[in-house]
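Worksheet: one structure, shown below.
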2 protein chains.
Amino acid sequence: MSIAGDLIRGHTDAIILARLLQGDSYGYEINKVISTLSSGRFELKEATLYTAFKRLEELGHIASYWGGSGPGARRRYYAITPSGREACYRLLSEWRETKEIMDKLLETEGTP
Amino acid sequence: MSIAGDLIRGHTDAIILARLLQGDSYGYEINKVISTLSSGRFELKEATLYTAFKRLEELGHIASYWGGSGPGARRRYYAITPSGREACYRLLSEWRETKEIMDKLLETEGTP
DNA sequence: ATATAGTACCTCGCCTGTCAAGGTACTTCA
DNA sequence: TGAAGTACCTTGACAGGCGAGGTACTATAT
């Protein structure tokens, strides 16, 4: 992984919620999608992912149900809740602000 | 502060190094500059700042010296070292990559 | 038949960075 | 005399990321 965990810290929830905004999904698949979207440059570790699911479910931002297993093991699907949507929108706008601020703070003159 | 610390986590070193790239400075001033540049929306807590200084100095990325105190208390100035410059450039490019990846991961369709 | 690899989930315990709270010491101005 | 500003520093708690380990099922190859 080329992007270290601490760089993403605090954004995992946003990533997961943004993915669930596109439709219900399950852990393994979300991880795959993240890996694909980032061209393999970033992947959530399983421990991180399931910790986040637990946290988000406790917060009421997502809800889970056991779904059709297809081929392979059983799957636990997650769905975003109304409060999850709100949280997601808030996190998205926080991300925009973070970018803006960071760009200002990292601005330097006459450097590569 | 409107941007929580965890959102910046992992980027503090980059911020500090980028500031020192502009010239030697001391803790109190760096904090002021960060607060100003971010229009007060973000400020490093003192504990975080001094922890970071210590870490960066141990890594050899910055060097410190006691400087003219002017009015008020004595100041410990920090200067960026060659290895600090390298680290800074690396962190800057990592930030660009993080932005790119995050934007892809947070991309959603038909949402505010 | 047996092994291997893929799908899919989960937990424990460590590590690291952030920060609230507390402290020191000096100067200036009311 | 006291408050407010400048300037530094440490301790301990806390939270999130993640390495390592585990479970269970299926499909394919040997």
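Each chain of the structure tokens is named A, B, ... in the order shown, its residues numbered from 1; ligands are numbered from 1 in display order.
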
Check region 42-105 of chain A with DSSP on the backbone and list each residue it calls alpha helix (DSSP H), as a tab-separated table (two decimals) with C-alpha atoms, in the first residue's frame.
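Heads up, here's the output in states_29.tsv:
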chain	number	residue	atom	x	y	z
A	46	GLU	CA	-9.90	-6.16	7.35
A	47	ALA	CA	-9.46	-5.40	11.04
A	48	THR	CA	-9.98	-1.73	10.30
A	49	LEU	CA	-12.99	-2.38	8.14
A	50	TYR	CA	-14.87	-4.55	10.60
A	51	THR	CA	-14.01	-2.25	13.48
A	52	ALA	CA	-15.50	0.59	11.47
A	53	PHE	CA	-18.65	-1.39	10.65
A	54	LYS	CA	-19.16	-2.07	14.32
A	55	ARG	CA	-18.63	1.57	15.22
A	56	LEU	CA	-20.95	2.83	12.50
A	57	GLU	CA	-23.65	0.34	13.42
A	58	GLU	CA	-23.45	1.36	17.08
A	82	PRO	CA	-31.01	8.21	7.25
A	83	SER	CA	-28.65	9.34	10.00
A	84	GLY	CA	-25.86	7.68	8.06
A	85	ARG	CA	-26.74	9.76	5.02
A	86	GLU	CA	-26.57	12.92	7.04
A	87	ALA	CA	-23.27	11.89	8.56
A	88	CYS	CA	-21.96	11.09	5.11
A	89	TYR	CA	-22.89	14.49	3.70
A	90	ARG	CA	-21.30	16.15	6.69
A	91	LEU	CA	-18.12	14.12	6.29
A	92	LEU	CA	-17.99	14.90	2.58
A	93	SER	CA	-18.13	18.61	3.23
A	94	GLU	CA	-15.55	18.24	5.98
A	95	TRP	CA	-13.31	16.54	3.49
A	96	ARG	CA	-13.66	19.45	1.11
A	97	GLU	CA	-12.75	21.84	3.89
A	98	THR	CA	-9.82	19.70	4.97
A	99	LYS	CA	-8.47	19.73	1.43
A	100	GLU	CA	-8.79	23.47	1.19
A	101	ILE	CA	-7.08	24.10	4.51
A	102	MET	CA	-4.34	21.55	3.93
A	103	ASP	CA	-3.54	23.02	0.55
A	104	LYS	CA	-3.09	26.41	2.18
A	105	LEU	CA	-0.97	25.03	4.99

Worksheet item: For chain D, which residues have at least one atom within 10 Å of chain B, if we go by only C-alpha atoms (C1' of nucleotides)? Write them as an NGL selection string, please.
Response: :D and (5-10 or 15-16)

Would you write out those residues with C-alpha atoms (C1' of nucleotides), as a PDB file, in the first residue's frame?
ATOM      1  C1'  DG D   5       0.238  37.810  26.672  1.00  0.00           C
ATOM      2  C1'  DT D   6       4.442  35.296  25.132  1.00  0.00           C
ATOM      3  C1'  DA D   7       6.761  31.001  25.175  1.00  0.00           C
ATOM      4  C1'  DC D   8       8.018  26.453  26.471  1.00  0.00           C
ATOM      5  C1'  DC D   9       7.235  21.506  28.233  1.00  0.00           C
ATOM      6  C1'  DT D  10       5.280  16.846  30.263  1.00  0.00           C
ATOM      7  C1'  DA D  15      -9.157   6.172  19.952  1.00  0.00           C
ATOM      8  C1'  DG D  16      -8.299   4.318  15.528  1.00  0.00           C
TER       9       DG D  16
END

Worksheet item: Restricting the calculation to only C-alpha atoms (C1' of nucleotides), which member of C:DA25, C:DA20, C:DC10, C:DA30 is positioned closest to chain A?
Response: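 Under the stated criterion, the closest residue is C:DC10.
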
Would you list which chain B residues are within 6 Å of chain A using only C-alpha atoms, as a PDB file with C-alpha atoms, in the first residue's frame?
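Saved to part17.pdb:
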ATOM      1  CA  ASP B   6      -8.079  13.146  13.367  1.00  0.00           C
ATOM      2  CA  LEU B   7      -8.771  14.508   9.910  1.00  0.00           C
ATOM      3  CA  GLY B  10      -0.658  11.952   9.739  1.00  0.00           C
ATOM      4  CA  ILE B  15       2.469  20.960   7.804  1.00  0.00           C
ATOM      5  CA  ALA B  18       6.284  22.916   4.923  1.00  0.00           C
ATOM      6  CA  SER B  38      -6.574  28.308   7.987  1.00  0.00           C
ATOM      7  CA  ILE B 101      -7.486   8.682  -4.083  1.00  0.00           C
ATOM      8  CA  LEU B 106     -15.763   9.535  -1.906  1.00  0.00           C
TER       9      LEU B 106
END

Fill in: Coordinates-based distance that separates C1' of DC15 (chain C) from CA of Gly60 (chain A) (Å, one decimal)
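Answer for the CA of Gly60 (chain A) to C1' of DC15 (chain C) separation: 28.7 Å.
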
Fill in: Contact set, chain C to chain A: 9 Å, only C-alpha atoms (C1' of nucleotides), as an MDAnalysis selection string
chainID C and resid 6:11 17

Serialized selection, N, CA and C atoms (P, O5', C5', C4', C3', O3' and C1' of nucleotides), as an mmCIF file, in the first residue's frame:
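Dumped to part.cif:
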data_model
loop_
_atom_site.group_PDB
_atom_site.id
_atom_site.type_symbol
_atom_site.label_atom_id
_atom_site.label_comp_id
_atom_site.auth_asym_id
_atom_site.auth_seq_id
_atom_site.Cartn_x
_atom_site.Cartn_y
_atom_site.Cartn_z
ATOM 1 P P DG C 6 -6.011 -17.342 -5.198
ATOM 2 O "O5'" DG C 6 -7.541 -16.940 -4.945
ATOM 3 C "C5'" DG C 6 -8.539 -17.438 -5.836
ATOM 4 C "C4'" DG C 6 -9.867 -17.476 -5.128
ATOM 5 C "C3'" DG C 6 -10.258 -16.164 -4.423
ATOM 6 O "O3'" DG C 6 -11.452 -15.664 -5.016
ATOM 7 C "C1'" DG C 6 -10.701 -18.039 -3.045
ATOM 8 P P DT C 7 -11.998 -14.239 -4.661
ATOM 9 O "O5'" DT C 7 -13.123 -14.572 -3.577
ATOM 10 C "C5'" DT C 7 -14.284 -15.283 -3.985
ATOM 11 C "C4'" DT C 7 -15.125 -15.645 -2.785
ATOM 12 C "C3'" DT C 7 -15.619 -14.442 -1.974
ATOM 13 O "O3'" DT C 7 -17.030 -14.474 -1.906
ATOM 14 C "C1'" DT C 7 -14.732 -16.127 -0.553
ATOM 15 P P DA C 8 -17.856 -13.208 -1.573
ATOM 16 O "O5'" DA C 8 -17.608 -13.035 -0.009
ATOM 17 C "C5'" DA C 8 -18.479 -13.688 0.902
ATOM 18 C "C4'" DA C 8 -17.909 -13.686 2.294
ATOM 19 C "C3'" DA C 8 -17.545 -12.349 2.922
ATOM 20 O "O3'" DA C 8 -18.702 -11.760 3.502
ATOM 21 C "C1'" DA C 8 -16.248 -14.229 3.707
ATOM 22 P P DC C 9 -18.565 -10.398 4.344
ATOM 23 O "O5'" DC C 9 -18.175 -10.938 5.800
ATOM 24 C "C5'" DC C 9 -19.131 -11.686 6.535
ATOM 25 C "C4'" DC C 9 -18.474 -12.372 7.693
ATOM 26 C "C3'" DC C 9 -18.042 -11.435 8.806
ATOM 27 O "O3'" DC C 9 -19.091 -11.293 9.754
ATOM 28 C "C1'" DC C 9 -16.456 -13.207 8.415
ATOM 29 P P DC C 10 -19.031 -10.118 10.804
ATOM 30 O "O5'" DC C 10 -17.869 -10.540 11.800
ATOM 31 C "C5'" DC C 10 -18.025 -11.698 12.607
ATOM 32 C "C4'" DC C 10 -16.757 -11.933 13.377
ATOM 33 C "C3'" DC C 10 -16.297 -10.752 14.209
ATOM 34 O "O3'" DC C 10 -16.672 -10.964 15.559
ATOM 35 C "C1'" DC C 10 -14.476 -11.922 13.177
ATOM 36 P P DT C 11 -16.375 -9.833 16.644
ATOM 37 O "O5'" DT C 11 -15.008 -10.286 17.332
ATOM 38 C "C5'" DT C 11 -14.736 -11.671 17.549
ATOM 39 C "C4'" DT C 11 -13.364 -11.784 18.198
ATOM 40 C "C3'" DT C 11 -13.033 -10.669 19.195
ATOM 41 O "O3'" DT C 11 -12.402 -11.264 20.320
ATOM 42 C "C1'" DT C 11 -11.379 -10.756 17.501
ATOM 43 P P DG C 17 3.539 8.429 15.378
ATOM 44 O "O5'" DG C 17 2.335 9.462 15.373
ATOM 45 C "C5'" DG C 17 1.192 9.203 14.549
ATOM 46 C "C4'" DG C 17 0.013 9.976 15.065
ATOM 47 C "C3'" DG C 17 0.325 11.422 15.456
ATOM 48 O "O3'" DG C 17 -0.715 12.234 14.960
ATOM 49 C "C1'" DG C 17 -0.625 10.278 17.294
#

Worksheet item: So what do you get for CA of Trp66 (chain A) versus C1' of DC18 (chain D), distance-wise?
Response: 25.8 Å

Item to complete: Go through region 13-86 of chain A and collect every residue that DSSP, computed from the backbone, puts in strand (DSSP E); the answer should be as a ChimeraX atom specification.
Response: /A:25-26,62-67,75-80

Practice prompt. Just give me the gap between CA of Gly67 (chain A) and C1' of DG19 (chain D) in Å, one decimal is fine.
Written response: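 These two atoms are separated by 29.2 Å.
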